[in-house]
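Trainee: Structure file data28.txt (compact mmCIF, C-alpha atoms and all ligand atoms) right here:
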```
# COMPACT_ATOMS: atom_id res chain seq x y z
CA MET A 1 -13.03 9.62 3.29
CA ARG A 2 -10.27 7.64 1.60
CA PRO A 3 -8.88 8.90 -1.69
CA ARG A 4 -10.17 7.00 -4.71
CA ARG A 5 -6.98 7.37 -6.70
CA ALA A 6 -3.54 8.63 -5.71
CA ALA A 7 -0.93 9.97 -8.12
CA VAL A 8 2.44 8.97 -6.67
CA PHE A 9 5.53 10.65 -8.09
CA SER A 10 8.83 8.81 -8.04
CA LEU A 11 10.70 10.66 -10.73
CA HIS A 12 14.27 9.48 -10.37
CA THR A 13 13.81 5.77 -9.72
CA SER A 14 11.14 3.20 -10.54
CA PRO A 15 9.52 0.92 -7.96
CA LEU A 16 10.04 -1.86 -10.52
CA GLU A 17 13.84 -1.62 -10.27
CA GLN A 18 15.93 -4.04 -8.23
CA PRO A 19 16.76 -2.26 -4.96
CA GLY A 20 20.27 -2.38 -3.57
CA THR A 21 22.15 -0.84 -6.49
CA GLY A 22 22.29 2.47 -8.38
CA ASP A 23 19.55 4.83 -7.28
CA ALA A 24 17.22 2.05 -6.13
CA GLY A 25 16.97 1.34 -2.42
CA GLY A 26 14.61 1.68 0.50
CA MET A 27 12.48 4.33 -1.21
CA ASN A 28 11.62 1.93 -4.04
CA VAL A 29 10.63 -0.73 -1.53
CA TYR A 30 8.61 1.82 0.45
CA ILE A 31 6.70 3.05 -2.60
CA ALA A 32 5.94 -0.44 -3.92
CA GLN A 33 4.83 -1.78 -0.53
CA THR A 34 2.65 1.17 0.47
CA ALA A 35 1.10 1.28 -3.03
CA ARG A 36 0.10 -2.39 -2.71
CA GLN A 37 -1.41 -1.73 0.70
CA LEU A 38 -3.22 1.42 -0.46
CA ALA A 39 -4.81 -0.61 -3.25
CA GLU A 40 -5.91 -3.19 -0.68
CA PHE A 41 -7.54 -0.41 1.34
CA GLY A 42 -9.42 0.62 -1.83
CA THR A 43 -7.26 3.51 -3.07
CA GLU A 44 -5.97 2.93 -6.60
CA VAL A 45 -2.42 4.08 -7.15
CA GLU A 46 -0.68 5.34 -10.27
CA ILE A 47 3.06 5.75 -9.84
CA PHE A 48 4.73 8.16 -12.27
CA THR A 49 8.41 7.53 -12.93
CA ARG A 50 10.88 8.61 -15.60
CA ALA A 51 11.36 6.08 -18.40
CA THR A 52 14.99 4.96 -18.44
CA SER A 53 14.83 2.59 -21.41
CA SER A 54 13.07 2.56 -24.76
CA ASP A 55 11.93 -0.98 -23.94
CA VAL A 56 9.65 -0.05 -21.04
CA PRO A 57 5.94 0.15 -21.89
CA PRO A 58 4.14 3.42 -21.07
CA ILE A 59 2.10 1.59 -18.42
CA ALA A 60 2.92 -1.51 -16.37
CA GLU A 61 0.93 -3.18 -13.59
CA LEU A 62 2.86 -3.55 -10.34
CA ALA A 63 -0.01 -5.23 -8.47
CA PRO A 64 -3.80 -5.24 -8.71
CA GLY A 65 -4.86 -1.60 -8.42
CA VAL A 66 -1.30 -0.27 -8.83
CA LEU A 67 -0.02 1.05 -12.17
CA VAL A 68 3.43 2.34 -13.01
CA ARG A 69 3.44 5.05 -15.66
CA ASN A 70 6.79 5.42 -17.41
CA VAL A 71 6.96 9.05 -18.50
CA VAL A 72 9.35 9.97 -21.31
CA ALA A 73 11.39 12.95 -20.09
CA GLY A 74 14.87 13.42 -21.48
CA PRO A 75 17.26 10.77 -22.77
CA PHE A 76 16.52 7.23 -21.56
CA GLU A 77 20.05 6.46 -20.50
CA GLY A 78 23.12 8.32 -19.33
CA LEU A 79 21.39 10.96 -17.21
CA ASP A 80 23.02 11.38 -13.83
CA LYS A 81 20.76 12.09 -10.83
CA ASN A 82 22.36 15.55 -10.58
CA GLU A 83 21.21 16.30 -14.14
CA LEU A 84 17.59 15.42 -13.47
CA PRO A 85 16.55 18.96 -12.44
CA SER A 86 16.84 19.73 -16.18
CA GLN A 87 13.98 17.28 -16.85
CA LEU A 88 11.44 18.44 -14.25
CA CYS A 89 9.45 20.44 -16.80
CA ALA A 90 9.39 17.56 -19.32
CA PHE A 91 8.32 15.12 -16.62
CA ALA A 92 5.62 17.46 -15.29
CA ALA A 93 4.31 17.98 -18.84
CA GLY A 94 4.09 14.19 -19.28
CA ALA A 95 2.18 13.76 -16.02
CA LEU A 96 -0.22 16.62 -16.78
CA ARG A 97 -0.86 15.15 -20.23
CA VAL A 98 -1.87 11.82 -18.67
CA GLU A 99 -4.30 13.51 -16.29
CA ALA A 100 -5.79 15.65 -19.07
CA ARG A 101 -6.92 12.47 -20.86
CA HIS A 102 -9.25 11.70 -17.95
CA GLU A 103 -12.29 13.33 -16.40
CA PRO A 104 -11.43 16.18 -14.00
CA GLY A 105 -10.78 14.88 -10.51
CA HIS A 106 -9.16 11.66 -11.74
CA TYR A 107 -6.58 11.88 -8.94
CA ASP A 108 -7.66 13.13 -5.55
CA ILE A 109 -4.26 13.20 -3.85
CA VAL A 110 -0.65 13.67 -4.96
CA HIS A 111 2.12 11.97 -2.99
CA SER A 112 5.66 12.85 -4.03
CA HIS A 113 8.82 11.01 -2.98
CA TYR A 114 12.22 12.80 -2.90
CA TRP A 115 12.59 16.47 -3.71
CA LEU A 116 12.67 16.13 -7.52
CA SER A 117 9.21 14.55 -7.41
CA GLY A 118 8.15 17.16 -4.86
CA GLN A 119 8.75 19.92 -7.40
CA VAL A 120 6.52 18.15 -9.93
CA GLY A 121 3.97 17.32 -7.24
CA TRP A 122 3.77 20.99 -6.33
CA LEU A 123 2.84 21.91 -9.92
CA ALA A 124 0.36 19.02 -10.19
CA ARG A 125 -1.28 20.11 -6.93
CA GLU A 126 -1.79 23.61 -8.36
CA ARG A 127 -3.22 22.34 -11.66
CA TRP A 128 -5.39 19.56 -10.28
CA GLY A 129 -6.61 21.31 -7.15
CA VAL A 130 -5.77 18.38 -4.85
CA PRO A 131 -3.56 18.15 -1.74
CA LEU A 132 0.16 17.44 -1.92
CA VAL A 133 1.79 15.00 0.53
CA HIS A 134 5.56 14.80 0.39
CA THR A 135 8.10 12.33 1.76
CA ALA A 136 11.71 13.50 1.48
CA HIS A 137 13.36 10.12 2.28
CA THR A 138 16.69 11.91 2.65
CA LEU A 139 17.49 15.57 3.26
CA ALA A 140 20.45 17.36 1.69
CA LYS A 141 21.19 19.48 4.78
CA VAL A 142 21.29 16.37 6.98
CA LYS A 143 23.37 14.47 4.46
CA ASN A 144 25.86 17.32 4.12
CA ALA A 145 26.21 17.54 7.89
CA ASN A 146 27.16 13.84 8.03
CA LEU A 147 29.34 13.35 4.96
CA ALA A 148 31.81 10.51 4.75
CA ALA A 149 35.43 11.64 4.17
CA GLY A 150 35.85 12.44 0.49
CA ASP A 151 32.12 12.18 -0.30
CA THR A 152 30.61 14.85 -2.57
CA PRO A 153 28.24 17.29 -0.81
CA GLU A 154 24.69 17.59 -2.12
CA PRO A 155 24.35 20.61 -4.43
CA ARG A 156 22.66 23.90 -3.54
CA VAL A 157 20.00 23.29 -6.18
CA ARG A 158 18.75 20.37 -4.09
CA VAL A 159 18.76 22.37 -0.85
CA LEU A 160 16.75 25.16 -2.49
CA GLY A 161 14.39 22.69 -4.13
CA GLU A 162 13.79 20.88 -0.85
CA GLU A 163 13.13 24.13 1.01
CA GLN A 164 10.47 25.04 -1.53
CA VAL A 165 8.76 21.65 -1.36
CA VAL A 166 8.76 21.70 2.46
CA ASP A 167 7.13 25.11 2.27
CA GLU A 168 4.50 24.08 -0.27
CA ALA A 169 3.45 20.59 0.77
CA ASP A 170 0.15 20.29 2.62
CA MET A 171 1.59 17.43 4.65
CA LEU A 172 5.12 16.14 5.14
CA VAL A 173 5.81 12.55 6.07
CA ALA A 174 8.89 11.78 8.20
CA ASN A 175 10.15 8.28 8.98
CA THR A 176 11.08 9.10 12.56
CA ASP A 177 10.78 11.92 15.08
CA PHE A 178 14.45 12.68 14.35
CA GLU A 179 13.59 13.36 10.71
CA ALA A 180 10.53 15.37 11.76
CA ALA A 181 12.80 17.53 13.95
CA ASP A 182 15.20 18.02 11.01
CA LEU A 183 12.30 19.19 8.83
CA VAL A 184 11.25 21.69 11.48
CA GLU A 185 14.66 22.87 12.67
CA ARG A 186 16.70 22.79 9.47
CA TYR A 187 13.97 23.51 6.90
CA GLY A 188 11.49 25.61 8.87
CA ALA A 189 8.56 23.21 8.42
CA ASP A 190 5.42 23.92 10.45
CA PRO A 191 5.33 21.13 13.08
CA ALA A 192 1.57 20.81 12.49
CA SER A 193 2.21 19.76 8.89
CA VAL A 194 4.66 16.95 9.73
CA ALA A 195 3.45 13.38 10.39
CA THR A 196 5.90 10.80 11.74
CA ILE A 197 5.09 7.49 10.09
CA PRO A 198 7.51 4.60 10.60
CA PRO A 199 8.13 2.43 7.56
CA GLY A 200 7.41 -1.30 7.64
CA VAL A 201 8.81 -4.69 6.83
CA ASP A 202 7.32 -7.63 4.95
CA LEU A 203 7.13 -10.23 7.74
CA GLU A 204 6.10 -12.96 5.32
CA VAL A 205 9.29 -12.71 3.28
CA PHE A 206 11.57 -11.72 6.14
CA ALA A 207 11.08 -14.36 8.82
CA PRO A 208 13.43 -16.65 10.73
CA GLY A 209 14.44 -19.77 8.84
CA ASP A 210 16.95 -22.58 8.69
CA ARG A 211 20.39 -21.00 9.14
CA VAL A 212 22.32 -24.08 8.03
CA ALA A 213 20.25 -24.40 4.84
CA ALA A 214 20.65 -20.67 4.15
CA ARG A 215 24.41 -21.06 4.55
CA ALA A 216 24.52 -24.12 2.31
CA GLY A 217 22.65 -22.15 -0.39
CA LEU A 218 25.36 -19.49 -0.22
CA ASP A 219 28.19 -22.04 -0.21
CA LEU A 220 29.09 -21.19 3.37
CA PRO A 221 30.21 -23.81 5.88
CA ALA A 222 27.73 -24.44 8.69
CA ASP A 223 30.30 -23.39 11.33
CA ALA A 224 31.47 -20.18 9.63
CA VAL A 225 31.42 -16.86 11.46
CA VAL A 226 29.45 -14.67 9.05
CA LEU A 227 29.33 -10.86 9.05
CA ALA A 228 27.30 -9.17 6.34
CA PHE A 229 26.60 -5.79 4.78
CA VAL A 230 23.50 -5.42 2.61
CA GLY A 231 22.76 -2.30 0.58
CA ARG A 232 23.97 0.14 -1.99
CA ILE A 233 27.71 0.48 -2.08
CA GLN A 234 28.38 4.15 -1.54
CA PRO A 235 30.50 6.21 0.89
CA LEU A 236 27.43 7.24 2.91
CA LYS A 237 26.65 3.58 3.71
CA ALA A 238 30.25 3.08 4.89
CA PRO A 239 30.84 -0.59 4.01
CA ASP A 240 34.53 0.31 4.35
CA VAL A 241 33.98 0.52 8.13
CA LEU A 242 33.01 -3.16 8.14
CA LEU A 243 36.08 -4.13 6.12
CA ARG A 244 38.43 -2.18 8.38
CA ALA A 245 36.82 -3.69 11.48
CA THR A 246 37.21 -7.15 9.94
CA ALA A 247 40.92 -6.59 9.41
CA GLU A 248 41.22 -5.41 13.02
CA LEU A 249 39.28 -8.43 14.29
CA LEU A 250 41.62 -10.74 12.37
CA ALA A 251 44.67 -8.93 13.74
CA ARG A 252 43.34 -9.54 17.26
CA ARG A 253 42.21 -13.10 16.61
CA PRO A 254 44.27 -14.65 13.76
CA ASP A 255 42.70 -18.05 14.56
CA LEU A 256 39.39 -16.72 13.19
CA ARG A 257 40.74 -16.48 9.65
CA GLU A 258 39.75 -20.05 8.76
CA ARG A 259 36.11 -19.50 9.74
CA LEU A 260 35.40 -15.81 9.09
CA VAL A 261 33.37 -14.77 6.05
CA VAL A 262 32.23 -11.23 5.25
CA LEU A 263 29.40 -10.92 2.73
CA VAL A 264 28.93 -7.62 0.90
CA VAL A 265 25.60 -7.76 -0.93
CA GLY A 266 24.63 -4.93 -3.26
CA GLY A 267 25.81 -2.87 -6.19
CA PRO A 268 27.57 0.47 -6.63
CA SER A 269 25.58 3.67 -6.30
CA GLY A 270 26.00 7.41 -6.67
CA SER A 271 29.51 8.56 -6.11
CA GLY A 272 30.47 4.88 -5.66
CA LEU A 273 29.86 4.51 -9.38
CA GLU A 274 32.88 6.66 -10.07
CA ARG A 275 35.01 3.94 -8.53
CA PRO A 276 32.91 0.78 -8.53
CA ARG A 277 35.88 -1.33 -7.48
CA ALA A 278 36.96 0.90 -4.59
CA LEU A 279 35.74 -1.58 -1.98
CA GLN A 280 37.48 -4.53 -3.63
CA GLU A 281 40.67 -2.45 -3.70
CA LEU A 282 40.27 -1.69 0.00
CA ALA A 283 39.83 -5.40 0.78
CA ALA A 284 43.08 -6.07 -1.10
CA GLU A 285 44.87 -3.24 0.74
CA LEU A 286 43.70 -4.69 4.07
CA ALA A 287 44.79 -8.17 2.95
CA ILE A 288 41.35 -9.65 3.58
CA THR A 289 40.27 -10.63 0.04
CA ASP A 290 40.22 -14.26 1.19
CA VAL A 291 37.42 -13.59 3.69
CA VAL A 292 35.31 -11.02 1.80
CA ARG A 293 32.73 -12.13 -0.78
CA PHE A 294 31.01 -9.59 -3.00
CA LEU A 295 27.54 -10.71 -4.11
CA PRO A 296 25.17 -8.98 -6.54
CA PRO A 297 21.88 -7.53 -5.24
CA ARG A 298 19.00 -9.92 -4.75
CA SER A 299 15.37 -9.98 -3.59
CA GLY A 300 12.82 -12.02 -1.69
CA THR A 301 13.91 -15.38 -0.27
CA ALA A 302 17.42 -15.01 -1.69
CA LEU A 303 17.85 -11.82 0.35
CA ALA A 304 16.16 -13.30 3.43
CA ASP A 305 18.66 -16.18 3.22
CA VAL A 306 21.57 -13.73 3.41
CA TYR A 307 20.11 -12.29 6.63
CA ARG A 308 19.46 -15.81 7.99
CA ALA A 309 22.96 -17.01 7.11
CA ALA A 310 24.66 -14.11 8.91
CA ASP A 311 25.63 -14.03 12.57
CA VAL A 312 25.34 -10.28 12.47
CA ILE A 313 24.39 -7.58 9.97
CA ALA A 314 26.48 -4.42 10.03
CA VAL A 315 24.85 -1.08 9.19
CA PRO A 316 27.72 1.40 9.60
CA SER A 317 26.09 4.27 7.64
CA HIS A 318 27.13 7.88 8.21
CA ASN A 319 23.49 8.78 7.85
CA GLU A 320 20.30 6.79 7.35
CA SER A 321 16.79 8.24 7.38
CA PHE A 322 15.57 4.88 8.67
CA GLY A 323 17.44 1.75 7.55
CA LEU A 324 15.09 -0.91 6.19
CA VAL A 325 17.96 -3.40 6.00
CA ALA A 326 18.28 -3.31 9.78
CA LEU A 327 14.59 -4.11 10.19
CA GLU A 328 14.60 -6.90 7.60
CA ALA A 329 17.61 -8.56 9.23
CA GLN A 330 15.93 -8.48 12.65
CA ALA A 331 12.71 -9.88 11.17
CA CYS A 332 14.86 -12.84 10.08
CA GLY A 333 16.15 -13.24 13.66
CA THR A 334 19.61 -11.75 13.06
CA PRO A 335 21.04 -9.09 15.38
CA VAL A 336 22.28 -5.82 13.90
CA VAL A 337 25.26 -3.68 14.78
CA ALA A 338 24.41 -0.20 13.52
CA ALA A 339 25.78 3.32 13.71
CA ALA A 340 23.78 5.48 16.12
CA VAL A 341 22.75 7.92 13.39
CA GLY A 342 19.50 9.12 11.81
CA GLY A 343 16.65 6.63 12.19
CA LEU A 344 18.84 3.65 13.14
CA PRO A 345 18.23 4.12 16.90
CA VAL A 346 14.54 3.52 16.09
CA ALA A 347 15.20 0.64 13.70
CA VAL A 348 17.45 -1.12 16.25
CA ASP A 349 16.59 -1.56 19.93
CA ASP A 350 20.04 -0.98 21.47
CA GLY A 351 21.09 -3.85 23.72
CA VAL A 352 17.86 -5.75 22.98
CA SER A 353 17.91 -6.60 19.26
CA GLY A 354 21.36 -5.33 18.38
CA LEU A 355 24.01 -2.81 19.33
CA LEU A 356 24.38 0.83 18.39
CA VAL A 357 27.86 2.22 17.89
CA ASP A 358 28.54 5.88 18.47
CA GLY A 359 30.98 6.79 15.71
CA HIS A 360 32.90 4.97 12.99
CA ARG A 361 36.27 4.20 14.52
CA THR A 362 37.69 0.85 13.49
CA GLY A 363 38.42 -0.26 17.05
CA GLN A 364 34.86 0.47 18.23
CA TRP A 365 33.39 -1.50 15.33
CA ALA A 366 35.75 -4.41 15.85
CA ASP A 367 34.74 -4.43 19.54
CA ALA A 368 31.00 -4.37 18.79
CA LEU A 369 31.04 -6.90 15.94
CA GLY A 370 33.49 -9.11 17.82
CA SER A 371 31.35 -9.08 20.97
CA VAL A 372 28.28 -10.26 19.05
CA VAL A 373 29.91 -13.00 17.01
CA LEU A 374 32.36 -14.29 19.62
CA ASP A 375 30.10 -14.30 22.64
CA PRO A 376 27.41 -16.94 22.00
CA GLN A 377 25.39 -15.82 25.02
CA LEU A 378 25.27 -12.20 23.92
CA ARG A 379 24.40 -13.19 20.36
CA ALA A 380 21.61 -15.48 21.57
CA ARG A 381 20.23 -12.77 23.86
CA LEU A 382 20.18 -10.20 21.05
CA ALA A 383 18.78 -12.69 18.53
CA ALA A 384 15.94 -13.38 20.98
CA GLY A 385 14.97 -9.69 20.86
CA THR A 386 15.06 -9.24 17.09
CA VAL A 387 11.79 -10.70 15.82
CA GLU A 388 9.68 -9.01 18.46
CA HIS A 389 11.24 -5.64 17.70
CA ALA A 390 10.77 -6.02 13.93
CA ALA A 391 7.16 -7.14 14.40
CA ARG A 392 6.33 -3.66 15.70
CA PHE A 393 6.62 -2.43 12.13
CA SER A 394 4.38 -3.38 9.22
CA TRP A 395 3.55 -1.89 5.82
CA ARG A 396 -0.14 -2.17 6.67
CA ARG A 397 0.34 0.05 9.73
CA THR A 398 2.48 2.47 7.70
CA THR A 399 -0.31 2.71 5.13
CA GLU A 400 -3.05 3.22 7.72
CA LEU A 401 -1.04 6.16 9.04
CA LEU A 402 -0.46 7.42 5.49
CA LEU A 403 -4.23 7.45 4.94
CA ASP A 404 -4.57 9.56 8.12
CA ALA A 405 -1.92 11.91 6.73
CA TYR A 406 -3.83 12.13 3.45
CA ALA A 407 -6.97 13.14 5.38
CA ARG A 408 -5.01 15.79 7.30
CA ALA A 409 -3.51 17.04 4.02
CA ARG A 410 -6.98 17.44 2.58
CA MET A 411 -8.08 19.56 5.57
CA ALA A 412 -4.93 21.70 5.34
CA PHE A 413 -5.40 22.11 1.60
CA HIS A 414 -9.01 23.27 1.94
CA ALA A 415 -8.14 25.57 4.83
CA ARG A 416 -5.47 27.15 2.63
CA LEU A 417 -7.96 27.57 -0.26
CA ARG A 418 -10.46 29.28 2.05
CA PHE A 419 -7.74 31.56 3.41
CA GLU A 420 -6.69 32.51 -0.13
CA GLU A 421 -10.31 33.24 -1.08
CA VAL A 422 -10.80 35.48 1.93
CA THR A 423 -7.53 37.36 1.44
CA ALA A 424 -7.80 37.67 -2.38
N1 LIG B 501 17.90 -4.43 -1.04
C1 LIG B 501 17.53 -5.44 -1.89
N2 LIG B 501 18.52 -6.25 -2.39
C2 LIG B 501 19.82 -6.08 -2.09
C3 LIG B 501 20.20 -5.03 -1.21
C4 LIG B 501 19.20 -4.22 -0.69
O1 LIG B 501 16.36 -5.65 -2.20
O2 LIG B 501 20.63 -6.86 -2.57
C5 LIG B 501 16.83 -3.59 -0.44
C6 LIG B 501 16.66 -3.94 1.01
O3 LIG B 501 15.84 -5.08 1.13
C7 LIG B 501 16.04 -2.68 1.58
C8 LIG B 501 16.50 -1.59 0.63
O4 LIG B 501 17.13 -2.24 -0.49
O5 LIG B 501 14.63 -2.79 1.60
C9 LIG B 501 17.52 -0.67 1.26
O6 LIG B 501 16.84 0.16 2.13
P1 LIG B 501 17.56 0.95 3.28
O7 LIG B 501 16.53 1.75 3.98
O8 LIG B 501 18.35 0.03 4.14
O9 LIG B 501 18.62 1.88 2.54
P2 LIG B 501 18.45 2.93 1.34
O10 LIG B 501 18.74 2.20 0.09
O11 LIG B 501 17.06 3.45 1.37
O12 LIG B 501 19.46 3.98 1.58
```
Could you spell out this file's structure in structure tokens?
Ligand code: UDP

Mentor:
Amino acid sequence: MRPRRAAVFSLHTSPLEQPGTGDAGGMNVYIAQTARQLAEFGTEVEIFTRATSSDVPPIAELAPGVLVRNVVAGPFEGLDKNELPSQLCAFAAGALRVEARHEPGHYDIVHSHYWLSGQVGWLARERWGVPLVHTAHTLAKVKNANLAAGDTPEPRVRVLGEEQVVDEADMLVANTDFEAADLVERYGADPASVATIPPGVDLEVFAPGDRVAARAGLDLPADAVVLAFVGRIQPLKAPDVLLRATAELLARRPDLRERLVVLVVGGPSGSGLERPRALQELAAELAITDVVRFLPPRSGTALADVYRAADVIAVPSHNESFGLVALEAQACGTPVVAAAVGGLPVAVDDGVSGLLVDGHRTGQWADALGSVVLDPQLRARLAAGTVEHAARFSWRRTTELLLDAYARARMAFHARLRFEEVTA
């Protein structure tokens, strides 16, 4: 039986925010897309998020059957993500107050995203007597094991909070088998309570299109050699690797300078916010400001046109639980050169739709990027594999599997209740 109404918790970032800057990224896209699909399958969705402006209404409609509830919890502005644990109680109180206004059983499942929401979901599960499904999206222990040089480690409060949520959730959703293994091996999750559910891609928005027109729209010459990075600008995403590789490529092939363009699309995030201009400074240090263009985040066709305009998309992240950008680029027919970390070996079919690079050394990245953009045969071969690979993923399929996970969570929840009754 499908749930009638799901309470989805996304405490620290709203699905209505523009992804690609600040705290908004793949998780926001994931929540919005799966909520839309759940509603189409007949499950209404109410997404609870923390209000970050006095202008936002208490309730907004994201799509038919999908509401966003902006819960007032702490000051609207100026709260850093690391300060949000101080607002868990206020946020939980707001969510419980909403539910109390309805008949009992208003929500029949709770799905929390990221550990902060997991803590609130845990309390809601206890109060409402419904199963808790949790998706971590990123894990502190994995992140800390793959830190970029100079990046700030995730605090102990997050590690402890994640361990508790992993322990409490009736079902955990992992993006890939790699993440599922991390949940089991690093966090002690019961393998039976972990479902691997790959995320999707919107194949209507992200589809091959006219490359020349896409380039013209971005003021790029039709014959340019275009490398691009799309995503939040933060040390973990390693856009600096692309800039260093570009400088190396230009040192090897000075003749490319006239034609080479590097697009960096996205805004600062997390520790990047401390030095929002760090990447511009690096471009200046590397003497490549003439080839690098920084563009603000964008959505829909405007984003698809960036993917279409590029010869290759670089995803040099130090860690990535999946990497939606890689999938979106391939759906647009553009090969990806990605770091062989986290979920990227699933998102990119190595040698078929792109190349995986083992490590972050400048020379390796210059080799890989150079081989794709300077060898027309290789680029054409990889481009030919992109769309088919991306088409294996869809938000509809993700949501079908989520509904299976919800059903398994319900069984686990009731089994736990029966066990507690017997042992009480
Ligand atoms: N994104 C966007 N506009 C931008 C840059 C990024 O909408 O200018 C979106 C992108 O389409 C993708 C998400 O942000 O869906 C980033 O997801 P990904 O999994 O690559 O990284 P995350 O942000 O989750 O670390």

Trainee: Between atom CA of Asp167 of chain A and atom CA of Ala7 of chain A, what distance in Å does the model show, to one decimal?

Mentor: 20.1 Å

Trainee: Measuring atom to atom with all atoms listed in the file, identify which of A:Ala247, A:Leu374, A:Leu286, A:Ala329 is nearest to ligand LIG 501 (chain B).

Mentor: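 Ranking A:Ala247, A:Leu374, A:Leu286, A:Ala329 by distance to ligand LIG 501 (chain B), first place goes to A:Ala329.
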
Trainee: Identify which of the residues A:Gln164, A:Asp151, A:Ala24, A:Gly370 lies closest to Leu256 of chain A, counting all atoms listed in the file when measuring atom-to-atom distances.

Mentor: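 Checking each candidate against Leu256 of chain A, we get A:Gly370 as the closest.
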
Trainee: Show which residues sit within 9 Å of Ala35 of chain A, as a list in words. Count all atoms listed in the file, and ignore same-chain residues fewer than 3 positions away.

Mentor: Val8, Tyr30, Ile31, Ala32, Leu38, Ala39, Glu40, Thr43, Glu44, Val45, Glu46, Ile47, Leu62, Ala63, Gly65, Val66 and Thr399 of chain A

Trainee: Identify the residues within 10 Å of coordinate (25.9, -2.3, -1.0) (same frame as the file), considering all atoms listed in the file, and give the answer as a list in words.

Mentor: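 The answer, in the requested form, is Pro19, Gly20, Thr21, Gly22, Gly25, Phe229, Val230, Gly231, Arg232, Ile233, Gln234, Pro235, Lys237, Ala238, Pro239, Val264, Val265, Gly266, Gly267, Pro268, Ser269, Gly272, Leu279, Phe294, Leu295, Pro296 and Pro297 of chain A.
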
Trainee: Quick one: write out the picked residues with C-alpha atoms as a short mmCIF file (atom, residue, chain, number, x, y, z; two decimals), keeping the file's coordinate frame?

Mentor:
```cif
data_model
loop_
_atom_site.label_atom_id
_atom_site.label_comp_id
_atom_site.auth_asym_id
_atom_site.auth_seq_id
_atom_site.Cartn_x
_atom_site.Cartn_y
_atom_site.Cartn_z
CA PRO A 19 16.76 -2.26 -4.96
CA GLY A 20 20.27 -2.38 -3.57
CA THR A 21 22.15 -0.84 -6.49
CA GLY A 22 22.29 2.47 -8.38
CA GLY A 25 16.97 1.34 -2.42
CA PHE A 229 26.60 -5.79 4.78
CA VAL A 230 23.50 -5.42 2.61
CA GLY A 231 22.76 -2.30 0.58
CA ARG A 232 23.97 0.14 -1.99
CA ILE A 233 27.71 0.48 -2.08
CA GLN A 234 28.38 4.15 -1.54
CA PRO A 235 30.50 6.21 0.89
CA LYS A 237 26.65 3.58 3.71
CA ALA A 238 30.25 3.08 4.89
CA PRO A 239 30.84 -0.59 4.01
CA VAL A 264 28.93 -7.62 0.90
CA VAL A 265 25.60 -7.76 -0.93
CA GLY A 266 24.63 -4.93 -3.26
CA GLY A 267 25.81 -2.87 -6.19
CA PRO A 268 27.57 0.47 -6.63
CA SER A 269 25.58 3.67 -6.30
CA GLY A 272 30.47 4.88 -5.66
CA LEU A 279 35.74 -1.58 -1.98
CA PHE A 294 31.01 -9.59 -3.00
CA LEU A 295 27.54 -10.71 -4.11
CA PRO A 296 25.17 -8.98 -6.54
CA PRO A 297 21.88 -7.53 -5.24
#
```

Trainee: Once 5 Å is added on each side, what are the centre and the three edge lengths, in Å to one decimal, of the axis-aligned box enclosing the listed atoms of segment 188-206 of chain A? Present them as lines of an AutoDock Vina configuration file.

Mentor:
```
center_x = 6.6
center_y = 6.3
center_z = 8.2
size_x = 20.0
size_y = 48.6
size_z = 19.8
```

Trainee: As a ChimeraX atom specification, please: the residues near segment 180-188 of chain A (cut-off 12 Å, only C-alpha atoms, same-chain neighbours under 5 positions excluded).

Mentor: /A:134-145,159-168,171-175,193-198,321,342-343

Trainee: From the set A:Lys81, A:His111, A:Arg158, A:Arg298, which residue has the shortest atom-to-atom contact distance to ligand LIG 501 (chain B), counting all atoms listed in the file?

Mentor: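 Smallest distance to ligand LIG 501 (chain B) is found for A:Arg298.
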
Trainee: Using Å and a single decimal, report how far atom CA of Thr362 of chain A sits from atom CA of Arg252 of chain A.

Mentor: 12.4 Å

Trainee: Out of A:Val352, A:Gly105, A:Leu16, A:Ser371, which residue has the shortest atom-to-atom distance to ligand LIG 501 (chain B) when counting all atoms listed in the file?

Mentor: A:Leu16

Trainee: Please list as a list in words every residue within 8 Å of Thr52 of chain A, counting all atoms listed in the file and excluding residues in the same chain fewer than 2 positions away.

Mentor: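 Once the nearby chain positions are removed, what remains is Arg50, Ser54, Val56, Pro75, Phe76 and Glu77 of chain A.
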
Trainee: Between atom CA of Ala331 of chain A and atom CA of Leu203 of chain A, what is the spacing in Å?

Mentor: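 Between atom CA of Leu203 of chain A and atom CA of Ala331 of chain A the gap is 6.6 Å.
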
Trainee: Here is a test: counting all atoms listed in the file, which residue of A:Asp350, A:Asp375, A:Asp202, A:Glu126 is nearest to ligand LIG 501 (chain B)?

Mentor: A:Asp202

Trainee: Counting all atoms listed in the file, which residue out of A:Glu99, A:Val226, A:Val201, A:Val120 sits closest to Gly300 of chain A?

Mentor: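 Looking only at the distances to Gly300 of chain A, the closest residue turns out to be A:Val201.
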